[in-house]
Every structure is written in C-alpha cells, then in structure tokens.
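Engineer: You'll find work_29.csv just under this line, and it carries CSV, C-alpha atoms.
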chain,number,residue,atom,x,y,z
A,1,MET,CA,-9.9,20.2,-1.7
A,2,ARG,CA,-12.6,18.1,-3.5
A,3,ALA,CA,-11.0,18.8,-6.9
A,4,ALA,CA,-7.6,17.8,-5.6
A,5,LEU,CA,-9.0,14.6,-4.1
A,6,ALA,CA,-10.8,13.7,-7.3
A,7,ALA,CA,-7.7,14.4,-9.4
A,8,GLY,CA,-5.6,12.2,-7.2
A,9,LEU,CA,-8.1,9.4,-7.3
A,10,LEU,CA,-8.4,9.5,-11.1
A,11,ALA,CA,-4.6,9.8,-11.6
A,12,THR,CA,-3.8,6.8,-9.4
A,13,ALA,CA,-6.6,4.7,-10.7
A,14,PHE,CA,-5.6,5.4,-14.3
A,15,ALA,CA,-1.9,4.7,-13.5
A,16,PHE,CA,-2.9,1.3,-12.1
A,17,LEU,CA,-5.0,0.4,-15.1
A,18,HIS,CA,-2.3,1.6,-17.5
A,19,LEU,CA,0.4,-0.5,-15.7
A,20,GLY,CA,-1.9,-3.5,-15.8
A,21,SER,CA,-2.5,-3.1,-19.5
A,22,GLU,CA,1.2,-2.6,-20.3
A,23,MET,CA,2.2,-5.6,-18.1
A,24,ALA,CA,-0.3,-7.9,-19.8
A,25,GLU,CA,1.1,-6.9,-23.2
A,26,GLY,CA,4.7,-7.6,-22.1
A,27,GLU,CA,5.7,-3.9,-22.5
A,28,THR,CA,7.1,-3.7,-19.0
A,29,ARG,CA,9.4,-6.7,-19.1
A,30,ALA,CA,12.5,-4.9,-20.2
A,31,PHE,CA,12.3,-2.3,-17.4
A,32,ASP,CA,11.3,-4.9,-14.8
A,33,SER,CA,14.2,-7.2,-15.7
A,34,TRP,CA,16.7,-4.3,-15.9
A,35,LEU,CA,15.9,-3.1,-12.3
A,36,LEU,CA,15.8,-6.6,-10.8
A,37,LEU,CA,19.2,-7.4,-12.3
A,38,ALA,CA,20.6,-4.0,-11.3
A,39,LEU,CA,20.0,-4.9,-7.6
A,40,ARG,CA,22.0,-8.2,-7.8
A,41,HIS,CA,25.7,-8.8,-8.3
A,42,PRO,CA,26.2,-9.7,-11.9
A,43,THR,CA,28.4,-12.7,-11.1
A,44,ASP,CA,25.9,-14.1,-8.5
A,45,LEU,CA,22.2,-13.4,-8.9
A,46,ASN,CA,21.5,-14.9,-5.5
A,47,ASP,CA,23.5,-12.1,-3.9
A,48,PRO,CA,21.8,-8.6,-3.6
A,49,ILE,CA,24.0,-5.5,-3.9
A,50,GLY,CA,25.1,-3.7,-0.8
A,51,PRO,CA,26.6,-4.8,2.6
A,52,ALA,CA,25.3,-7.7,4.6
A,53,TRP,CA,23.4,-5.4,7.0
A,54,LEU,CA,21.3,-4.0,4.1
A,55,LYS,CA,19.8,-7.4,3.3
A,56,SER,CA,19.0,-8.0,7.0
A,57,THR,CA,17.5,-4.5,7.2
A,58,MET,CA,15.3,-5.2,4.1
A,59,LEU,CA,14.1,-8.4,5.6
A,60,ASP,CA,13.1,-6.6,8.8
A,61,LEU,CA,11.4,-3.7,7.0
A,62,THR,CA,9.4,-5.8,4.6
A,63,SER,CA,7.5,-7.1,7.6
A,64,LEU,CA,5.9,-3.7,8.0
A,65,GLY,CA,3.7,-4.6,5.0
A,66,SER,CA,2.9,-8.2,6.2
A,67,THR,CA,-0.7,-9.2,6.8
A,68,ALA,CA,0.1,-9.9,10.5
A,69,VAL,CA,1.7,-6.4,11.1
A,70,LEU,CA,-1.0,-4.5,9.2
A,71,THR,CA,-3.8,-6.4,10.8
A,72,LEU,CA,-2.4,-5.9,14.3
A,73,LEU,CA,-1.9,-2.2,13.7
A,74,THR,CA,-5.4,-1.8,12.4
A,75,ILE,CA,-6.9,-3.7,15.4
A,76,LEU,CA,-4.9,-1.5,17.8
A,77,VAL,CA,-6.1,1.7,16.2
A,78,ILE,CA,-9.7,0.4,16.1
A,79,GLY,CA,-9.3,-0.4,19.8
A,80,LEU,CA,-8.2,3.2,20.6
A,81,VAL,CA,-11.1,4.6,18.6
A,82,MET,CA,-13.6,2.4,20.4
A,83,ILE,CA,-12.2,3.5,23.8
A,84,ARG,CA,-13.1,7.0,22.7
A,85,ARG,CA,-16.6,5.6,21.9
A,86,ASN,CA,-16.3,6.6,18.3
A,87,TRP,CA,-18.0,3.5,17.0
A,88,ARG,CA,-18.6,4.8,13.4
A,89,SER,CA,-14.9,5.6,13.0
A,90,ALA,CA,-14.0,2.1,14.1
A,91,LEU,CA,-16.5,0.6,11.6
A,92,PHE,CA,-15.2,2.9,8.9
A,93,ILE,CA,-11.5,1.9,9.5
A,94,ALA,CA,-12.5,-1.8,9.5
A,95,ALA,CA,-14.5,-1.5,6.3
A,96,ALA,CA,-11.8,0.6,4.5
A,97,THR,CA,-8.9,-1.7,5.4
A,98,GLY,CA,-10.8,-5.0,5.0
A,99,GLY,CA,-12.4,-4.0,1.7
A,100,GLY,CA,-8.9,-2.9,0.4
A,101,ALA,CA,-7.4,-6.3,1.4
A,102,LEU,CA,-10.2,-8.1,-0.4
A,103,LEU,CA,-9.7,-5.9,-3.5
A,104,SER,CA,-6.0,-6.7,-3.5
A,105,ALA,CA,-6.6,-10.4,-3.4
A,106,LEU,CA,-9.2,-10.2,-6.2
A,107,LEU,CA,-6.8,-8.2,-8.4
A,108,LYS,CA,-4.0,-10.8,-7.9
A,109,ILE,CA,-6.4,-13.5,-9.0
A,110,ASP,CA,-7.6,-11.5,-12.0
A,111,TYR,CA,-4.1,-10.6,-13.3
A,112,ALA,CA,-2.5,-13.9,-12.3
A,113,ARG,CA,1.0,-12.7,-13.1
A,114,PRO,CA,3.8,-15.2,-12.1
A,115,ARG,CA,6.4,-14.1,-9.6
A,116,PRO,CA,9.8,-13.2,-11.1
A,117,THR,CA,12.2,-16.1,-11.6
A,118,LEU,CA,15.0,-13.9,-13.0
A,119,VAL,CA,16.7,-13.7,-9.6
A,120,SER,CA,16.3,-15.8,-6.4
A,121,HIS,CA,13.7,-14.9,-3.8
A,122,LEU,CA,15.1,-13.9,-0.5
A,123,VAL,CA,11.8,-14.6,1.3
A,124,ASP,CA,9.2,-17.3,0.7
A,125,VAL,CA,6.1,-16.3,-1.4
A,126,SER,CA,3.2,-18.2,-2.8
A,127,SER,CA,0.6,-15.8,-4.2
A,128,ALA,CA,0.4,-14.2,-7.7
A,129,SER,CA,2.6,-11.2,-8.3
A,130,PHE,CA,0.5,-8.3,-9.7
A,131,PRO,CA,-0.2,-6.1,-7.9
A,132,SER,CA,2.2,-6.4,-4.9
A,133,GLY,CA,0.0,-7.2,-1.9
A,134,HIS,CA,2.6,-5.7,0.5
A,135,ALA,CA,2.7,-2.4,-1.5
A,136,MET,CA,-1.0,-2.2,-2.0
A,137,ASN,CA,-2.1,-3.1,1.5
A,138,SER,CA,0.6,-0.9,3.1
A,139,ALA,CA,-0.7,2.0,1.1
A,140,ILE,CA,-4.3,1.2,2.1
A,141,VAL,CA,-3.6,0.9,5.8
A,142,TYR,CA,-0.9,3.5,6.3
A,143,LEU,CA,-2.5,6.2,4.1
A,144,THR,CA,-6.0,5.6,5.4
A,145,LEU,CA,-4.9,5.7,9.0
A,146,GLY,CA,-2.6,8.6,8.2
A,147,LEU,CA,-5.4,10.7,6.7
A,148,LEU,CA,-7.7,10.0,9.5
A,149,GLY,CA,-5.1,10.7,12.1
A,150,ALA,CA,-3.9,13.9,10.5
A,151,ARG,CA,-7.5,15.3,10.4
A,152,ALA,CA,-7.6,14.9,14.2
A,153,VAL,CA,-4.5,17.0,14.7
A,154,PRO,CA,-5.1,20.8,14.4
A,155,ASP,CA,-1.4,21.7,14.0
A,156,ALA,CA,-0.5,22.0,10.3
A,157,LEU,CA,3.1,20.9,10.8
A,158,ALA,CA,2.0,17.8,12.7
A,159,HIS,CA,-0.6,17.1,10.0
A,160,ARG,CA,2.1,17.1,7.3
A,161,TYR,CA,4.3,15.0,9.5
A,162,ILE,CA,1.7,12.2,9.9
A,163,ILE,CA,1.0,12.1,6.2
A,164,GLY,CA,4.7,12.1,5.4
A,165,VAL,CA,5.3,9.1,7.7
A,166,ALA,CA,2.4,7.2,6.2
A,167,VAL,CA,3.8,7.8,2.7
A,168,LEU,CA,7.4,6.9,3.8
A,169,LEU,CA,6.3,3.6,5.3
A,170,THR,CA,4.4,2.8,2.1
A,171,LEU,CA,7.4,3.5,-0.1
A,172,ILE,CA,9.8,1.6,2.1
A,173,VAL,CA,7.7,-1.6,2.1
A,174,GLY,CA,7.3,-1.6,-1.6
A,175,ALA,CA,11.0,-1.0,-2.2
A,176,THR,CA,11.9,-4.0,-0.1
A,177,ARG,CA,9.8,-6.3,-2.2
A,178,VAL,CA,11.9,-5.5,-5.3
A,179,TYR,CA,15.2,-5.7,-3.5
A,180,LEU,CA,14.2,-9.1,-2.1
A,181,GLY,CA,13.4,-10.3,-5.6
A,182,VAL,CA,9.9,-11.4,-4.9
A,183,HIS,CA,8.2,-8.8,-7.1
A,184,TRP,CA,8.7,-7.2,-10.5
A,185,PRO,CA,9.1,-3.4,-10.0
A,186,THR,CA,5.8,-2.7,-11.9
A,187,ASP,CA,4.0,-5.0,-9.4
A,188,VAL,CA,5.1,-2.6,-6.7
A,189,LEU,CA,4.2,0.5,-8.7
A,190,ALA,CA,0.8,-0.9,-9.4
A,191,GLY,CA,0.3,-1.8,-5.7
A,192,TRP,CA,1.1,1.8,-4.7
A,193,CYS,CA,-1.3,3.2,-7.2
A,194,ALA,CA,-4.1,0.8,-6.4
A,195,GLY,CA,-3.6,1.3,-2.7
A,196,ALA,CA,-3.5,5.1,-2.9
A,197,ALA,CA,-6.6,5.1,-5.1
A,198,TRP,CA,-8.5,3.0,-2.6
A,199,ALA,CA,-7.3,5.2,0.4
A,200,LEU,CA,-8.3,8.4,-1.5
A,201,LEU,CA,-11.7,6.8,-2.4
A,202,CYS,CA,-12.4,6.0,1.3
A,203,TRP,CA,-11.2,9.5,2.3
A,204,GLY,CA,-13.6,11.0,-0.3
A,205,VAL,CA,-16.5,8.9,1.1
A,206,ALA,CA,-15.7,10.1,4.6
A,207,GLU,CA,-15.5,13.7,3.6
A,208,ALA,CA,-18.8,13.4,1.7
A,209,LEU,CA,-20.5,12.0,4.8
A,210,ARG,CA,-19.0,14.7,7.0
A,211,SER,CA,-20.1,17.6,4.7
A,212,ARG,CA,-23.6,16.3,4.6
A,213,GLY,CA,-23.7,15.8,8.4
A,214,SER,CA,-24.6,12.2,7.9
A,215,ARG,CA,-25.1,10.1,11.1
A,216,PHE,CA,-22.9,7.5,9.3
A,217,SER,CA,-19.9,10.0,9.2
A,218,PRO,CA,-16.7,8.6,10.8
A,219,ASP,CA,-16.6,11.7,13.0
A,220,THR,CA,-19.9,10.9,14.6
A,221,ALA,CA,-19.1,9.7,18.1
A,222,HIS,CA,-22.3,7.8,19.0
Take the structure in the file and write it out as structure tokens.
Structural biologist:
Amino acid sequence: MRAALAAGLLATAFAFLHLGSEMAEGETRAFDSWLLLALRHPTDLNDPIGPAWLKSTMLDLTSLGSTAVLTLLTILVIGLVMIRRNWRSALFIAAATGGGALLSALLKIDYARPRPTLVSHLVDVSSASFPSGHAMNSAIVYLTLGLLGARAVPDALAHRYIIGVAVLLTLIVGATRVYLGVHWPTDVLAGWCAGAAWALLCWGVAEALRSRGSRFSPDTAH
C-alpha cells in the first residue's frame, strides 16, 4: 500500500513538472492547438462541435469545479464530520483542501501562462491558464474526500464505487474546460496531475499518522 502510494505520488508529481517544462519551452503548442481546433467547427471557431444541448451540458458540468461548489461541498462534509465529533478529521479536510487551493493559485502565478486565444471562450475567465484551477481543485477536493469516504466504508465494492465517482467527477470537470475553450489541454492535464499528487500526499500523511497512532490522526474522534 505504501509503495503504491509513493509510486503514484512520484508519478503524478513528475508528470506535472514535465508538462510544465515542456509547456515553458513551447513543445506542447502543436498538441494544444490541434485539440482545441478539433473541438470547434472549422468554418466557425466560435461554435463548438456537437448538438446545442452538449454546450449547455458542458456549461452546467463545469460548475462542479467552481470555487463556490467545491467550497460549499467541503463545508458540508466538514459539518457532517463535526456532527460526529471528529474534530481532527474536520481540521484535516480543511487543511488539505485549503492548502491545495493555495498551491493552485501560487502555481498559476509562477507559470503565468496566458489563456488560449485560438478559439473563443464560452465562459468568462480572468486568471492565468497553467495549471487549470478547475481541474486541480476538483482533483484535490473530490479525490481527498473520496479517499477519506472510501476508508469509512467496509464494503469493497462500495469503496471502489466512491473512488470511481471521485475520479469521474474530476475528469468531467477538466474536460469541460477544454471544450469551452478556456484552457489549453495541457493546462488540464497538469491540473489533474498536480491535484492528484496533492491528494495522494495528504492521504499519505493521514496514513502515516494513523499507523503511528498519533493523536493528530484524522481518525481520532476527540
């Protein structure tokens, strides 16, 4: 378990750093441009491919990665944990999600990649592009909560279901950002990698505290 966790953390962190390096050198531009253009009608780059309902659906689904939705979800989960008097789990969730959001903001400032102008944006955006905040923060929140929730469920099938839903939500949010033209594809890939790395890091910390019987373990109720 620990070896798999370490391998996953190293793989996702390396993938993010590699994408950042390739992006900075301009090596990802051809792929990014090809995929963005492939999702628009060649005669009208303001018009995404697919039926009208698909655009509407993407606009709805992208909200699952918004700051408002992720913050509300986190607060509701923390509230549930506090009702059960598991104060340390509540603190752990707040620190994991809040720290991840801060890291996302700092990475955007550091890389300072402009948003794509190759196609029109179907939603308003203002921050830097790399990594995708929607993709990264979705991975942080959904994967962290998914891992914690799955551990509380003894049934193996339910455990896999919870993790699968967390992964699916993360992938859906990231895909909408490319479809809506507000992110280069590698922004989203990098966001997924960075978010997954952060979630795995937090999970590793939680597991280490549990194995040592620390009074700071998220499983400690009082």
Engineer: Provide the CA of Ala166 in chain A to CA of Tyr142 in chain A distance in Å, to one decimal place.
Structural biologist: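 Atom-to-atom, CA of Ala166 in chain A to CA of Tyr142 in chain A, that is 5.0 Å.
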Engineer: Which polymer residues have any atom within 12 Å of an atom of Leu76 in chain A, counting all atoms listed in the file, with same-chain residues fewer than 5 positions away left out, as a count of residues only?
Structural biologist: 10
Engineer: Please determine, counting only C-alpha atoms, which residue among A:Ala197, A:Gly181, A:Ser138, A:Ala4 has the shortest atom-to-atom distance to Ala68 in chain A.
Structural biologist: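 The closest residue to Ala68 in chain A is A:Ser138.
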Engineer: For the point (-17.1, 2.3, 5.9) in file coordinates, what residues are within 9 Å, counting all atoms listed in the file? Give the answer as a list of chain:residue names?
Structural biologist: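 The distance filter leaves exactly A:Arg88, A:Ser89, A:Ala90, A:Leu91, A:Phe92, A:Ile93, A:Ala94, A:Ala95, A:Ala96, A:Gly99, A:Cys202, A:Val205, A:Ala206, A:Phe216, A:Ser217, A:Pro218.
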Engineer: Export, as an mmCIF file, in the frame of the given file, the selected residues with C-alpha atoms.
Structural biologist:
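The resulting file, selection03.cif, is reproduced below:
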data_model
loop_
_atom_site.group_PDB
_atom_site.id
_atom_site.type_symbol
_atom_site.label_atom_id
_atom_site.label_comp_id
_atom_site.auth_asym_id
_atom_site.auth_seq_id
_atom_site.Cartn_x
_atom_site.Cartn_y
_atom_site.Cartn_z
ATOM 1 C CA ARG A 88 -18.600 4.800 13.400
ATOM 2 C CA SER A 89 -14.900 5.600 13.000
ATOM 3 C CA ALA A 90 -14.000 2.100 14.100
ATOM 4 C CA LEU A 91 -16.500 0.600 11.600
ATOM 5 C CA PHE A 92 -15.200 2.900 8.900
ATOM 6 C CA ILE A 93 -11.500 1.900 9.500
ATOM 7 C CA ALA A 94 -12.500 -1.800 9.500
ATOM 8 C CA ALA A 95 -14.500 -1.500 6.300
ATOM 9 C CA ALA A 96 -11.800 0.600 4.500
ATOM 10 C CA GLY A 99 -12.400 -4.000 1.700
ATOM 11 C CA CYS A 202 -12.400 6.000 1.300
ATOM 12 C CA VAL A 205 -16.500 8.900 1.100
ATOM 13 C CA ALA A 206 -15.700 10.100 4.600
ATOM 14 C CA PHE A 216 -22.900 7.500 9.300
ATOM 15 C CA SER A 217 -19.900 10.000 9.200
ATOM 16 C CA PRO A 218 -16.700 8.600 10.800
#
Engineer: Using all atoms listed in the file, can you tell me which of A:Pro42, A:His18, A:Thr12, A:Leu143 comes closest to Thr74 in chain A?
Structural biologist: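 Selected residue with least distance to Thr74 in chain A: A:Leu143.
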Engineer: Using all atoms listed in the file, which of the listed residues (A:Leu180, A:Met136, A:Leu17, A:Ala101) sits closest to Ile49 in chain A?
Structural biologist: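 Smallest separation from Ile49 in chain A among the options: A:Leu180.
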Engineer: Rounded to one decimal place, report the CA of Ala208 in chain A-CA of Ala135 in chain A distance in Å.
Structural biologist: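 One can read the CA of Ala208 in chain A to CA of Ala135 in chain A distance as 26.9 Å.
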Engineer: Do a neighbour search on Gly50 in chain A at 12 Å with all atoms listed in the file, toss out local chain neighbours closer than 5 positions, and write the hits as a list in words.
Structural biologist: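 Within the cut-off, the hits are Ala38, Leu39, Arg40, His41, Lys55, Ser56, Thr57, Met58 and Tyr179 of chain A.
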Engineer: Could you please determine the separation between CA of Trp198 in chain A and CA of Ile140 in chain A in Å, to one decimal place?
Structural biologist: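 Going from CA of Trp198 in chain A over to CA of Ile140 in chain A covers 6.6 Å.
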Engineer: From the options A:Leu107, A:Leu201, A:Ala24, A:Val153, which residue's atoms come nearest to Leu5 in chain A, counting all atoms listed in the file?
Structural biologist: A:Leu201
Engineer: Near Gly204 in chain A, within 9 Å and counting only C-alpha atoms, which residues show up once chain neighbours fewer than 5 positions away are dropped, as number ranges by chain?
Structural biologist: A: 2, 5-6, 199, 209
Engineer: Extract, using only C-alpha atoms, all DNA, RNA and protein residues at most 6 Å from range 127-133 of chain A, discarding same-chain residues fewer than 6 positions from it, and format them as a count of residues only.
Structural biologist: 9
